[in-house]
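Contents: one structure, followed by commentary.
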Amino acid sequence: MIGRLRPVEWGLLGLAGLLGGLMAVILSSIGDEPQWLPEAPVRAHPATQVQVAPNVPLDNLAATWQAPLFSPDRSPDRRVGKAQVSSLANLTLSGILITGNLQMAMLKQADGPALTIRLGQTLPNGWRLDHLTPQYARFSQDGRAQTLSLYAKRLPPPSSRPPITLPREPLP
């Protein structure tokens, strides 16, 4: 049958038995109950009163958003979302988007945020986008019309130097 075991094999057999016993203890859920600390004594808190903010009419609070809160020289905040444009002179047409039912122009201000306007909409300064093509946008206001064109980058003029030629070499 099994011949005589060497001492190393007896040691490994004992370690395997010990690990098997430890595994049986873990799987049998012995000692899984938590041990809680004793309850702390309950202190009586004084009765708390809920305070309610006073009811003030909205007209009395108008000064909080119109007048400064912390600085007497602070002015009301500028409106966000609509940039003021005085005329079309400081605008550059930076892009045009024309799809099936969407036509819009992208404008860049010299000193402000970029604007996006759809065909038929009006800029904050009153100019209305009337006509849009892939190269230009036409705006009108009070019977006046002004056209902004896309900046077309031009290629340099052709070179006057002759092209490079290779020496004629016979094929091997």
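A note on labels: chains of the structure tokens are A, B, ... as shown, every chain counts residues from 1, and ligands are counted from 1 in their shown order.
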Got a sec to tell me which of stretch 18-172 of chain A DSSP assigns to alpha helix (DSSP H), as a VMD selection string?
chain A and resid 18 to 27 62 to 66
Output N, CA and C atoms of each residue in that selection to a file, as a short mmCIF file (atom, residue, chain, number, x, y, z; two decimals), in the first residue's frame.
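Generated output (again-v8.cif):
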data_model
loop_
_atom_site.label_atom_id
_atom_site.label_comp_id
_atom_site.auth_asym_id
_atom_site.auth_seq_id
_atom_site.Cartn_x
_atom_site.Cartn_y
_atom_site.Cartn_z
N LEU A 18 -5.01 20.72 9.61
CA LEU A 18 -5.25 21.94 10.39
C LEU A 18 -6.04 22.95 9.58
N LEU A 19 -5.67 23.16 8.31
CA LEU A 19 -6.40 24.09 7.44
C LEU A 19 -7.82 23.59 7.17
N GLY A 20 -8.01 22.30 7.04
CA GLY A 20 -9.35 21.73 6.86
C GLY A 20 -10.20 21.99 8.10
N GLY A 21 -9.62 21.81 9.28
CA GLY A 21 -10.36 22.07 10.52
C GLY A 21 -10.72 23.55 10.64
N LEU A 22 -9.81 24.44 10.29
CA LEU A 22 -10.08 25.88 10.33
C LEU A 22 -11.18 26.25 9.34
N MET A 23 -11.18 25.63 8.20
CA MET A 23 -12.22 25.88 7.21
C MET A 23 -13.58 25.41 7.70
N ALA A 24 -13.62 24.29 8.40
CA ALA A 24 -14.87 23.78 8.97
C ALA A 24 -15.41 24.74 10.02
N VAL A 25 -14.53 25.32 10.85
CA VAL A 25 -14.96 26.27 11.88
C VAL A 25 -15.52 27.53 11.23
N ILE A 26 -14.87 28.03 10.19
CA ILE A 26 -15.34 29.25 9.51
C ILE A 26 -16.69 29.00 8.86
N LEU A 27 -16.85 27.88 8.20
CA LEU A 27 -18.10 27.58 7.50
C LEU A 27 -19.24 27.24 8.46
N ALA A 62 -37.35 93.58 -2.99
CA ALA A 62 -36.84 93.96 -4.30
C ALA A 62 -35.45 94.56 -4.21
N ALA A 63 -35.15 95.24 -3.13
CA ALA A 63 -33.84 95.88 -2.99
C ALA A 63 -32.71 94.86 -2.90
N THR A 64 -33.01 93.63 -2.52
CA THR A 64 -31.93 92.65 -2.38
C THR A 64 -31.33 92.25 -3.71
N TRP A 65 -32.07 92.29 -4.79
CA TRP A 65 -31.46 91.96 -6.09
C TRP A 65 -31.21 93.18 -6.95
N GLN A 66 -31.74 94.34 -6.56
CA GLN A 66 -31.49 95.56 -7.34
C GLN A 66 -30.38 96.40 -6.72
#
Please provide the set of residues having any atom within 9 Å of stretch 96-98 of chain A, restricted to only C-alpha atoms, with same-chain residues fewer than 5 positions apart removed, written as a VMD selection string.
chain A and resid 103 to 107 132 to 137 150
Shell around A:Leu88 at 10 Å using only C-alpha atoms, local window under 2 positions removed, as a list in words
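Once the nearby chain positions are removed, what remains is Val85, Ser86, Asn90, Leu91, Thr92, Leu93, Leu107, Gln109, Leu123, Asn125, Trp127, Phe139, Gln146, Thr147 and Leu148 of chain A.
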Let me see the file: selected residues, C-alpha atoms, as a PDB file, in the first residue's frame.
ATOM      1  CA  VAL A  85     -24.421  94.212 -29.626  1.00  0.00           C
ATOM      2  CA  SER A  86     -24.500  97.865 -30.634  1.00  0.00           C
ATOM      3  CA  ASN A  90     -18.031  94.646 -34.469  1.00  0.00           C
ATOM      4  CA  LEU A  91     -19.443  91.300 -35.642  1.00  0.00           C
ATOM      5  CA  THR A  92     -17.750  88.726 -37.841  1.00  0.00           C
ATOM      6  CA  LEU A  93     -19.588  85.872 -39.494  1.00  0.00           C
ATOM      7  CA  LEU A 107     -21.271  85.350 -35.155  1.00  0.00           C
ATOM      8  CA  GLN A 109     -18.041  89.672 -31.429  1.00  0.00           C
ATOM      9  CA  LEU A 123     -30.111  89.999 -32.435  1.00  0.00           C
ATOM     10  CA  ASN A 125     -29.490  95.136 -30.907  1.00  0.00           C
ATOM     11  CA  TRP A 127     -30.927  93.413 -36.415  1.00  0.00           C
ATOM     12  CA  PHE A 139     -29.534  91.243 -41.734  1.00  0.00           C
ATOM     13  CA  GLN A 146     -26.408  94.727 -44.178  1.00  0.00           C
ATOM     14  CA  THR A 147     -24.591  91.615 -45.356  1.00  0.00           C
ATOM     15  CA  LEU A 148     -21.861  89.741 -43.500  1.00  0.00           C
TER      16      LEU A 148
END
To one decimal in Å, tell me the separation between atom CA of A:Leu102 and atom CA of A:Ile117.
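So the two atoms, atom CA of A:Leu102 and atom CA of A:Ile117, lie 10.7 Å apart.
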